[in-house]
$ cat my_file-v1.cif   # mmCIF, C-alpha atoms
data_my_file
loop_
_atom_site.label_atom_id
_atom_site.label_comp_id
_atom_site.auth_asym_id
_atom_site.auth_seq_id
_atom_site.Cartn_x
_atom_site.Cartn_y
_atom_site.Cartn_z
CA MET O 158 128.27 47.91 140.21
CA LEU O 159 131.37 46.33 141.73
CA SER O 160 133.58 48.82 139.84
CA ILE O 161 131.51 51.63 141.30
CA THR O 162 131.98 50.14 144.76
CA LYS O 163 135.76 50.14 144.33
CA VAL O 164 135.73 53.79 143.26
CA LEU O 165 133.49 54.66 146.21
CA ARG O 166 136.07 53.29 148.61
CA ARG O 167 138.62 55.80 147.30
CA CYS O 168 136.25 58.73 146.85
CA THR O 169 136.01 61.39 149.50
CA GLY O 170 134.35 64.77 149.69
CA GLU O 171 132.43 65.96 146.63
CA ALA O 172 133.65 63.11 144.41
CA GLY O 173 132.36 60.54 146.89
CA GLN O 174 129.00 62.27 147.16
CA GLU O 175 128.71 62.41 143.37
CA ALA O 176 129.58 58.72 143.03
CA ARG O 177 126.98 57.82 145.66
CA ARG O 178 124.37 59.97 143.91
CA ILE O 179 125.06 58.24 140.58
CA THR O 180 124.94 54.82 142.25
CA ALA O 181 121.57 55.69 143.80
CA GLU O 182 120.26 56.80 140.39
CA ILE O 183 121.40 53.53 138.80
CA ALA O 184 119.73 51.57 141.60
CA ASP O 185 116.50 53.54 141.08
CA ILE O 186 116.57 52.84 137.33
CA GLY O 187 117.20 49.16 138.07
CA THR O 188 114.20 49.11 140.40
CA LYS O 189 111.99 50.55 137.64
CA VAL O 190 113.28 47.92 135.21
CA LEU O 191 112.45 45.20 137.76
CA GLN O 192 108.92 46.57 138.12
CA ALA O 193 108.46 46.48 134.33
CA ALA O 194 109.84 42.92 134.24
CA SER O 195 107.33 41.91 136.92
CA LYS O 196 104.47 43.17 134.75
CA VAL O 197 105.76 41.16 131.79
CA LEU O 198 106.11 38.07 133.97
CA ASP O 199 102.55 38.49 135.26
CA GLU O 200 101.27 38.59 131.67
CA VAL O 201 103.18 35.53 130.45
CA GLN O 202 102.51 33.35 133.50
CA VAL O 203 99.07 32.56 132.08
CA SER O 204 100.57 31.33 128.80
CA GLY O 205 100.32 27.62 128.13
CA ASN O 206 103.32 27.78 125.79
CA ALA O 207 106.25 25.73 127.19
CA VAL O 208 108.87 27.90 125.47
CA VAL O 209 107.36 31.07 126.93
CA LYS O 210 107.31 29.48 130.40
CA ARG O 211 111.01 28.53 130.15
CA ILE O 212 111.92 32.06 129.10
CA ALA O 213 109.79 33.44 131.95
CA GLU O 214 111.66 31.20 134.43
CA ARG O 215 114.99 32.54 133.17
CA LEU O 216 113.70 36.11 133.41
CA LEU O 217 112.56 35.46 136.97
CA THR O 218 116.04 34.21 137.88
CA VAL O 219 117.70 37.28 136.35
CA GLN O 220 115.11 39.48 138.05
CA ASP O 221 115.91 37.99 141.48
CA ARG O 222 119.65 38.38 140.97
CA THR O 223 119.25 41.95 139.72
CA ALA O 224 117.22 42.80 142.82
CA ARG O 225 120.05 41.39 144.92
CA VAL O 226 122.64 43.56 143.11
CA ILE O 227 120.48 46.65 143.61
CA GLU O 228 120.16 45.88 147.31
CA GLN O 229 123.95 45.43 147.53
CA ALA O 230 124.47 48.82 145.84
CA ARG O 231 122.11 50.50 148.31
CA ARG O 232 123.91 48.88 151.25
CA VAL O 233 127.31 50.01 149.94
CA ASN O 234 125.92 53.53 149.49
CA ALA O 235 124.82 53.42 153.13
CA GLY O 236 128.42 52.65 154.16
CA HIS O 237 128.36 48.85 154.46
CA LEU O 238 131.41 48.11 152.30
CA SER O 239 132.00 44.52 153.40
CA LEU O 240 129.26 42.26 152.05
CA ALA O 241 129.54 38.56 152.77
CA ASP O 242 128.50 36.32 149.87
CA ARG O 243 128.02 39.26 147.54
CA LEU O 244 126.84 38.59 144.03
CA VAL O 245 129.53 39.61 141.53
CA SER O 246 127.86 38.28 138.37
CA ILE O 247 124.18 38.15 137.49
CA PHE O 248 124.89 35.39 134.97
CA ASP O 249 127.21 33.32 137.17
CA PRO O 250 126.13 33.57 140.81
CA ASP O 251 128.90 31.24 142.03
CA ALA O 252 131.71 33.42 140.61
CA ARG O 253 133.95 34.95 143.28
CA PRO O 254 136.48 37.78 143.33
CA ILE O 255 140.00 36.37 143.09
CA ARG O 256 143.04 38.44 144.05
CA ARG O 257 146.37 37.31 142.68
CA GLY O 258 149.80 38.57 143.54
CA LYS O 259 150.42 42.21 144.28
CA LEU O 260 147.78 44.72 145.29
CA LYS O 261 148.26 46.71 142.06
CA GLN O 262 146.97 43.81 139.97
CA LEU O 263 143.33 43.89 139.00
CA THR O 264 140.84 41.67 140.77
CA GLU O 265 139.59 38.83 138.60
CA PHE O 266 136.20 37.16 138.89
CA GLY O 267 135.41 33.52 138.39
CA TYR O 268 136.84 30.29 139.74
CA LYS O 269 140.15 28.72 140.64
CA VAL O 270 141.09 25.54 138.79
CA ARG O 271 143.56 22.95 140.09
CA LEU O 272 145.28 20.80 137.44
CA THR O 273 147.56 17.90 138.29
CA GLU O 274 149.62 16.20 135.62
CA SER O 275 151.80 13.11 135.35
CA GLU O 276 155.46 12.93 134.38
CA GLU O 277 154.20 12.18 130.86
CA ARG O 278 152.42 15.57 130.98
CA LEU O 279 148.96 14.00 130.98
CA ILE O 280 146.37 15.68 133.16
CA THR O 281 145.49 13.23 135.92
CA GLU O 282 143.19 15.48 137.89
CA CYS O 283 141.22 18.65 137.32
CA LYS O 284 139.05 20.38 139.87
CA VAL O 285 137.07 23.61 139.65
CA ILE O 286 137.15 25.14 143.11
CA GLN O 287 134.28 27.17 144.49
CA GLY O 288 135.06 30.38 146.34
CA ASN O 289 138.56 31.75 146.78
CA PRO O 290 140.47 29.44 149.14
CA PRO O 291 144.14 30.14 149.86
CA ASP O 292 146.51 28.70 147.26
CA SER O 293 148.69 27.06 149.94
CA GLY O 294 146.49 23.97 150.36
CA LEU O 295 145.77 23.38 146.69
CA PRO O 296 149.05 21.59 145.75
CA VAL O 297 148.79 19.13 148.67
CA ASP O 298 145.19 18.30 147.75
CA GLY O 299 146.22 17.90 144.11
CA VAL O 300 149.06 15.47 144.90
CA THR O 301 146.79 13.50 147.24
CA GLU O 302 144.15 13.17 144.52
CA HIS O 303 146.83 12.27 141.93
CA CYS O 304 148.07 9.44 144.18
CA ARG O 305 144.52 8.19 144.74
CA ARG O 306 143.75 8.13 141.01
CA THR O 307 147.02 6.74 139.68
CA GLY O 308 148.16 4.61 142.62
CA ARG O 309 151.61 6.21 142.30
CA VAL O 310 153.45 8.78 144.39
CA PRO O 311 155.12 11.42 142.20
CA LYS O 312 158.91 11.71 142.31
CA ARG O 313 158.63 15.50 142.44
CA ALA O 314 155.95 18.16 142.65
CA ALA O 315 155.86 21.85 141.87
CA ALA O 316 153.22 24.48 142.45
CA GLY O 317 152.76 27.59 140.44
#

$ encode --input "my_file-v1.cif" --output "structure tokens"
Amino acid sequence: MLSITKVLRRCTGEAGQEARRITAEIADIGTKVLQAASKVLDEVQVSGNAVVKRIAERLLTVQDRTARVIEQARRVNAGHLSLADRLVSIFDPDARPIRRGKLKQLTEFGYKVRLTESEERLITECKVIQGNPPDSGLPVDGVTEHCRRTGRVPKRAAAG
């Protein structure tokens, strides 16, 4: 869906209308799938089987996230191209779009990771960072955490 959104931003005229029509069709199909999933969930909710209940809970989670993606697609089709806190992965709801370098580079999805290492090349700190904060503050935070953990100030630091 996100790929479709990117194409929609560039599409004008007939191509844009066609892309919006296809997106609407996909959203309609997704809605039908969600309705079928609801029927299955209704049937298995009465089961006393613990395994079935766990699977039903997972299906309910995926169902909720899928509904959110469908709603996002409909909003984009209506012209709302900037969606705060949009869902970019049904399976990893905390994943964020990450832009690196030049505009021509593809957008990646996931997390940023900050690694800090000692002069001996041992990793002294590792942090998975939620969202997509600017890179400028990450080295300072990494050195601060390195000093806190090791009790030593590094002789030199490099970011990259």

$ resolve_selection --input "my_file-v1.cif" --expression "the PyMOL selection byres ((chain O and resi 253-268) around 8)" --output "list in words"
Val245, Asp251, Ala252, Lys269, Val270, Val285, Ile286, Gln287, Gly288 and Asn289 of chain O

$ residues_around --input "my_file-v1.cif" --residues "segment 271-281 of chain O" --least-positions-apart "4" --cutoff "7 Å" --atoms "all atoms listed in the file" --output "list in words"
Val285, Leu295, Gly299 and His303 of chain O

$ atom_distance --input "my_file-v1.cif" --atom1 "atom CA of Asp199 of chain O" --atom2 "atom CA of Arg232 of chain O"
28.6 Å

$ atom_distance --input "my_file-v1.cif" --atom1 "atom CA of Gly173 of chain O" --atom2 "atom CA of Asn234 of chain O"
9.9 Å

$ residues_around --input "my_file-v1.cif" --residues "Leu191 of chain O" --least-positions-apart "4" --cutoff "7 Å" --atoms "only C-alpha atoms" --output "PDB file with C-alpha atoms, in the frame of the given file"
ATOM      1  CA  GLY O 187     117.200  49.160 138.070  1.00  0.00           C
ATOM      2  CA  SER O 195     107.330  41.910 136.920  1.00  0.00           C
ATOM      3  CA  GLN O 220     115.110  39.480 138.050  1.00  0.00           C
TER       4      GLN O 220
END

$ closest_residue --input "my_file-v1.cif" --among "O:Glu214, O:Ala224, O:Val233, O:Ala207" --to "Lys189 of chain O" --atoms "all atoms listed in the file"
O:Ala224

$ residues_around --input "my_file-v1.cif" --residues "segment 225-228 of chain O" --least-positions-apart "5" --cutoff "8 Å" --atoms "all atoms listed in the file" --output "list of chain:residue names"
O:Met158, O:Ala184, O:Gly187, O:Thr188, O:Leu244, O:Ile247

$ atom_distance --input "my_file-v1.cif" --atom1 "atom CA of Val203 of chain O" --atom2 "atom CA of Asp221 of chain O"
20.0 Å

$ closest_residue --input "my_file-v1.cif" --among "O:Thr218, O:Thr180, O:Thr307, O:Ser204" --to "Phe248 of chain O" --atoms "all atoms listed in the file"
O:Thr218

$ resolve_selection --input "my_file-v1.cif" --expression "the PyMOL selection byres ((chain O and resi 213) around 10)" --output "list in words"
Ala194, Val197, Leu198, Asp199, Glu200, Val201, Gln202, Ser204, Ala207, Val208, Val209, Lys210, Arg211, Ile212, Glu214, Arg215, Leu216, Leu217, Thr218 and Val219 of chain O

$ resolve_selection --input "my_file-v1.cif" --expression "the PyMOL selection byres ((chain O and resi 236) around 12)" --output "PyMOL selection string"
chain O and resi 162+165-166+173-174+177+229-235+237-240

$ closest_residue --input "my_file-v1.cif" --among "O:Ala241, O:Gly170, O:Cys283, O:Ala176" --to "Arg306 of chain O" --atoms "all atoms listed in the file"
O:Cys283
